[in-house]
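The structure under discussion appears below in the form of structure tokens.
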Amino acid sequence: MLRAASSAVIIRNTTTSMRALNNPVARPIVTVRSAKKPVFFQNAVLPKRTVISPTTLCNRLVCNASDAAAEVETEEILADKLDIRVGKVLKAWKHPEADRLFVEEVDVGEEEPRTICSGLFGYVPEEELQGRPVVVLCNLKPRNMAGIKSNGMLLAASDEAHETVQLLSPPADAPIGERVKFGSLDCTQRPADTPNRVQKKKVFEAVQPDLNTSDERVVRYKELEMLTSTGTVTVATLAGASVS
């Protein structure tokens, strides 16, 4: 009985309240007040909390370390994008259509010798080119030079005035066609870039300013010596020279 009476009271009170709300005269005035921050917090800039999971943090650390290693690796192996090989001039003659060019047939360890045009006329006597060991940049796109397609470049050192030019000299017993290395024979050498990529990315233009000869006339990339399996690549007399 008590439970039923209580329910009746609740229903009656609810009904009365609803009638009051529907009657404009009896409707109570309701004031809605928005909650305001205390004065102290109104202009305060609260720091945002960033929660990083252990896995995410670990991945970020690994990525940062990898990026740093990549920068070092890129710095060290830039010259290895070039396919620089030991070669041998089989024969050489003056270009019939160009006063400053020689034409050479050069063995670089392939099935057929390459035809290469070089601007060595006036710097290297023709007879000195015959049968001479040389160092050849092989992954250049072929170029038409006064009607003859040149497929590579003989590397040489020159003084600042470009008055003296000397071909790079690999050891006499270095294998023909061997790719040179820089700094160490034990390092893993990356594959050379394709001729198209060398041209598009201007790889030789990026490497060439750092090709030089030491006081001992050893050819270097920065301070990394140019090496074959039988010894260093050198020049005859030019120390502190540029190489191109």
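A note on labels: chains of the structure tokens are A, B, ... as shown, every chain counts residues from 1, and ligands are counted from 1 in their shown order.
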Quiz item: as a ChimeraX atom specification, which residues of region 65-158 of chain A does DSSP assign to strand (DSSP E)?
Solution: /A:84-94,102-107,114-118,133-137,143-145,148-150,153-154,156-158
Tell me, as a PDB file with N, CA, C and O atoms, in the first residue's frame, which residues lie within 12 Å of Ile84 (chain A), counting only C-alpha atoms; anything in the same chain fewer than 6 positions away does not count.
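The resulting file, around_26.pdb, is reproduced below:
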ATOM      1  N   VAL A 108      88.555  -2.038 -72.370  1.00  0.00           N
ATOM      2  CA  VAL A 108      88.121  -1.859 -70.969  1.00  0.00           C
ATOM      3  C   VAL A 108      87.533  -3.159 -70.418  1.00  0.00           C
ATOM      4  O   VAL A 108      86.709  -3.150 -69.505  1.00  0.00           O
ATOM      5  N   GLY A 109      87.948  -4.281 -71.008  1.00  0.00           N
ATOM      6  CA  GLY A 109      87.504  -5.572 -70.509  1.00  0.00           C
ATOM      7  C   GLY A 109      86.195  -6.052 -71.083  1.00  0.00           C
ATOM      8  O   GLY A 109      85.596  -6.984 -70.540  1.00  0.00           O
ATOM      9  N   VAL A 134      95.554   3.047 -69.061  1.00  0.00           N
ATOM     10  CA  VAL A 134      94.818   4.280 -68.763  1.00  0.00           C
ATOM     11  C   VAL A 134      93.707   3.982 -67.758  1.00  0.00           C
ATOM     12  O   VAL A 134      93.433   2.821 -67.436  1.00  0.00           O
ATOM     13  N   VAL A 135      93.071   5.044 -67.301  1.00  0.00           N
ATOM     14  CA  VAL A 135      91.894   4.927 -66.433  1.00  0.00           C
ATOM     15  C   VAL A 135      90.731   5.577 -67.184  1.00  0.00           C
ATOM     16  O   VAL A 135      90.840   6.716 -67.641  1.00  0.00           O
ATOM     17  N   VAL A 136      89.622   4.830 -67.298  1.00  0.00           N
ATOM     18  CA  VAL A 136      88.526   5.237 -68.181  1.00  0.00           C
ATOM     19  C   VAL A 136      87.228   5.372 -67.382  1.00  0.00           C
ATOM     20  O   VAL A 136      86.868   4.472 -66.620  1.00  0.00           O
ATOM     21  N   LEU A 137      86.552   6.497 -67.595  1.00  0.00           N
ATOM     22  CA  LEU A 137      85.194   6.657 -67.072  1.00  0.00           C
ATOM     23  C   LEU A 137      84.240   6.068 -68.103  1.00  0.00           C
ATOM     24  O   LEU A 137      84.122   6.584 -69.216  1.00  0.00           O
ATOM     25  N   CYS A 138      83.557   4.965 -67.722  1.00  0.00           N
ATOM     26  CA  CYS A 138      82.820   4.162 -68.703  1.00  0.00           C
ATOM     27  C   CYS A 138      81.318   4.416 -68.747  1.00  0.00           C
ATOM     28  O   CYS A 138      80.684   4.096 -69.758  1.00  0.00           O
ATOM     29  N   ASN A 139      80.714   4.910 -67.674  1.00  0.00           N
ATOM     30  CA  ASN A 139      79.247   5.037 -67.696  1.00  0.00           C
ATOM     31  C   ASN A 139      78.788   6.453 -68.041  1.00  0.00           C
ATOM     32  O   ASN A 139      77.992   7.079 -67.336  1.00  0.00           O
ATOM     33  N   LEU A 140      79.301   6.935 -69.163  1.00  0.00           N
ATOM     34  CA  LEU A 140      78.813   8.172 -69.769  1.00  0.00           C
ATOM     35  C   LEU A 140      78.008   7.819 -71.008  1.00  0.00           C
ATOM     36  O   LEU A 140      78.295   6.825 -71.684  1.00  0.00           O
ATOM     37  N   GLY A 152      82.961   7.076 -73.742  1.00  0.00           N
ATOM     38  CA  GLY A 152      83.766   7.040 -72.525  1.00  0.00           C
ATOM     39  C   GLY A 152      84.698   8.239 -72.471  1.00  0.00           C
ATOM     40  O   GLY A 152      84.689   9.107 -73.350  1.00  0.00           O
ATOM     41  N   MET A 153      85.516   8.290 -71.407  1.00  0.00           N
ATOM     42  CA  MET A 153      86.455   9.398 -71.242  1.00  0.00           C
ATOM     43  C   MET A 153      87.720   8.914 -70.551  1.00  0.00           C
ATOM     44  O   MET A 153      87.662   8.220 -69.532  1.00  0.00           O
ATOM     45  N   LEU A 154      88.867   9.288 -71.124  1.00  0.00           N
ATOM     46  CA  LEU A 154      90.138   9.016 -70.467  1.00  0.00           C
ATOM     47  C   LEU A 154      90.336  10.067 -69.382  1.00  0.00           C
ATOM     48  O   LEU A 154      90.217  11.263 -69.637  1.00  0.00           O
ATOM     49  N   LEU A 155      90.631   9.628 -68.159  1.00  0.00           N
ATOM     50  CA  LEU A 155      90.813  10.562 -67.057  1.00  0.00           C
ATOM     51  C   LEU A 155      92.259  11.038 -66.996  1.00  0.00           C
ATOM     52  O   LEU A 155      93.198  10.251 -67.169  1.00  0.00           O
ATOM     53  N   LEU A 168      96.050   9.576 -66.051  1.00  0.00           N
ATOM     54  CA  LEU A 168      96.164   8.748 -64.856  1.00  0.00           C
ATOM     55  C   LEU A 168      96.815   7.425 -65.234  1.00  0.00           C
ATOM     56  O   LEU A 168      96.544   6.861 -66.308  1.00  0.00           O
ATOM     57  N   PRO A 170      97.338   3.573 -63.976  1.00  0.00           N
ATOM     58  CA  PRO A 170      97.147   2.441 -63.062  1.00  0.00           C
ATOM     59  C   PRO A 170      98.441   1.628 -63.004  1.00  0.00           C
ATOM     60  O   PRO A 170      99.317   1.779 -63.865  1.00  0.00           O
ATOM     61  N   ILE A 176      92.948  -5.506 -66.780  1.00  0.00           N
ATOM     62  CA  ILE A 176      92.153  -4.686 -67.685  1.00  0.00           C
ATOM     63  C   ILE A 176      90.667  -4.906 -67.399  1.00  0.00           C
ATOM     64  O   ILE A 176      90.200  -6.043 -67.269  1.00  0.00           O
ATOM     65  N   GLY A 177      89.916  -3.838 -67.295  1.00  0.00           N
ATOM     66  CA  GLY A 177      88.477  -3.923 -67.025  1.00  0.00           C
ATOM     67  C   GLY A 177      88.115  -3.873 -65.558  1.00  0.00           C
ATOM     68  O   GLY A 177      86.919  -3.827 -65.221  1.00  0.00           O
ATOM     69  N   GLU A 178      89.095  -3.886 -64.656  1.00  0.00           N
ATOM     70  CA  GLU A 178      88.803  -3.835 -63.218  1.00  0.00           C
ATOM     71  C   GLU A 178      88.293  -2.449 -62.815  1.00  0.00           C
ATOM     72  O   GLU A 178      88.850  -1.429 -63.226  1.00  0.00           O
ATOM     73  N   ARG A 179      87.218  -2.437 -62.021  1.00  0.00           N
ATOM     74  CA  ARG A 179      86.735  -1.171 -61.469  1.00  0.00           C
ATOM     75  C   ARG A 179      87.624  -0.730 -60.320  1.00  0.00           C
ATOM     76  O   ARG A 179      87.991  -1.533 -59.458  1.00  0.00           O
ATOM     77  N   VAL A 180      87.974   0.551 -60.321  1.00  0.00           N
ATOM     78  CA  VAL A 180      88.769   1.064 -59.215  1.00  0.00           C
ATOM     79  C   VAL A 180      87.868   1.250 -57.999  1.00  0.00           C
ATOM     80  O   VAL A 180      86.655   1.352 -58.110  1.00  0.00           O
ATOM     81  N   LYS A 181      88.497   1.300 -56.833  1.00  0.00           N
ATOM     82  CA  LYS A 181      87.802   1.599 -55.587  1.00  0.00           C
ATOM     83  C   LYS A 181      88.458   2.810 -54.942  1.00  0.00           C
ATOM     84  O   LYS A 181      89.564   3.215 -55.315  1.00  0.00           O
ATOM     85  N   PHE A 182      87.768   3.356 -53.947  1.00  0.00           N
ATOM     86  CA  PHE A 182      88.293   4.520 -53.235  1.00  0.00           C
ATOM     87  C   PHE A 182      88.414   4.201 -51.756  1.00  0.00           C
ATOM     88  O   PHE A 182      87.461   3.766 -51.123  1.00  0.00           O
ATOM     89  N   GLN A 189      81.519  -2.444 -52.793  1.00  0.00           N
ATOM     90  CA  GLN A 189      81.307  -1.404 -53.798  1.00  0.00           C
ATOM     91  C   GLN A 189      79.908  -1.501 -54.381  1.00  0.00           C
ATOM     92  O   GLN A 189      79.488  -2.561 -54.833  1.00  0.00           O
ATOM     93  N   PRO A 191      76.839  -0.972 -57.075  1.00  0.00           N
ATOM     94  CA  PRO A 191      76.818  -0.970 -58.540  1.00  0.00           C
ATOM     95  C   PRO A 191      76.863   0.460 -59.070  1.00  0.00           C
ATOM     96  O   PRO A 191      76.298   1.382 -58.473  1.00  0.00           O
ATOM     97  N   ALA A 192      77.544   0.634 -60.185  1.00  0.00           N
ATOM     98  CA  ALA A 192      77.616   1.956 -60.801  1.00  0.00           C
ATOM     99  C   ALA A 192      76.252   2.347 -61.370  1.00  0.00           C
ATOM    100  O   ALA A 192      75.447   1.494 -61.741  1.00  0.00           O
ATOM    101  N   ASP A 193      75.997   3.653 -61.431  1.00  0.00           N
ATOM    102  CA  ASP A 193      74.760   4.142 -62.022  1.00  0.00           C
ATOM    103  C   ASP A 193      74.764   3.925 -63.537  1.00  0.00           C
ATOM    104  O   ASP A 193      75.818   3.805 -64.160  1.00  0.00           O
ATOM    105  N   PHE A 204      78.937  12.987 -62.405  1.00  0.00           N
ATOM    106  CA  PHE A 204      80.353  13.331 -62.582  1.00  0.00           C
ATOM    107  C   PHE A 204      80.617  14.786 -62.213  1.00  0.00           C
ATOM    108  O   PHE A 204      81.650  15.103 -61.613  1.00  0.00           O
ATOM    109  N   MET A 226      92.516   6.336 -54.906  1.00  0.00           N
ATOM    110  CA  MET A 226      91.971   5.505 -55.980  1.00  0.00           C
ATOM    111  C   MET A 226      92.822   4.246 -56.065  1.00  0.00           C
ATOM    112  O   MET A 226      94.036   4.321 -56.267  1.00  0.00           O
ATOM    113  N   LEU A 227      92.183   3.091 -55.911  1.00  0.00           N
ATOM    114  CA  LEU A 227      92.909   1.832 -55.773  1.00  0.00           C
ATOM    115  C   LEU A 227      92.510   0.810 -56.833  1.00  0.00           C
ATOM    116  O   LEU A 227      91.348   0.742 -57.233  1.00  0.00           O
ATOM    117  N   THR A 228      93.485   0.020 -57.229  1.00  0.00           N
ATOM    118  CA  THR A 228      93.232  -1.214 -57.963  1.00  0.00           C
ATOM    119  C   THR A 228      93.683  -2.373 -57.077  1.00  0.00           C
ATOM    120  O   THR A 228      94.266  -2.153 -56.004  1.00  0.00           O
ATOM    121  N   VAL A 233      96.457   4.293 -58.073  1.00  0.00           N
ATOM    122  CA  VAL A 233      96.529   5.001 -59.351  1.00  0.00           C
ATOM    123  C   VAL A 233      97.278   6.311 -59.110  1.00  0.00           C
ATOM    124  O   VAL A 233      97.005   7.024 -58.141  1.00  0.00           O
ATOM    125  N   SER A 244      90.080  15.238 -64.240  1.00  0.00           N
ATOM    126  CA  SER A 244      88.839  15.252 -65.009  1.00  0.00           C
ATOM    127  C   SER A 244      89.030  14.428 -66.290  1.00  0.00           C
ATOM    128  O   SER A 244      90.125  13.931 -66.547  1.00  0.00           O
TER     129      SER A 244
END
Exercise. Please run DSSP on the backbone and report, as an MDAnalysis selection string, all residues within region 74-195 of chain A that come out as helix (DSSP H, G or I).
Key: chainID A and resid 74:81 126:129 195
Self-check item: Non-local contacts of Leu101 (chain A) (9 Å; only C-alpha atoms; under 5 positions in same chain excluded) as a VMD selection string
Solution: chain A and resid 93 to 96 117 to 122 145
Quiz item: Can you tell me how far CA of Val86 (chain A) sits from CA of Asn144 (chain A), in Å to one decimal?
Solution: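 Distance between the two atoms: 23.3 Å.
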Practice problem: Check the smallest atom-to-atom distance from each of A:Ala206, A:Val219, A:Leu224, A:Ala98 to Leu167 (chain A) using only C-alpha atoms, then report the winner. | Solution: A:Val219
Quiz prompt | Which of A:Ile116, A:Val203, A:Val198, A:Ala157 sits closest to Ser169 (chain A) [using only C-alpha atoms] | solution = A:Ala157
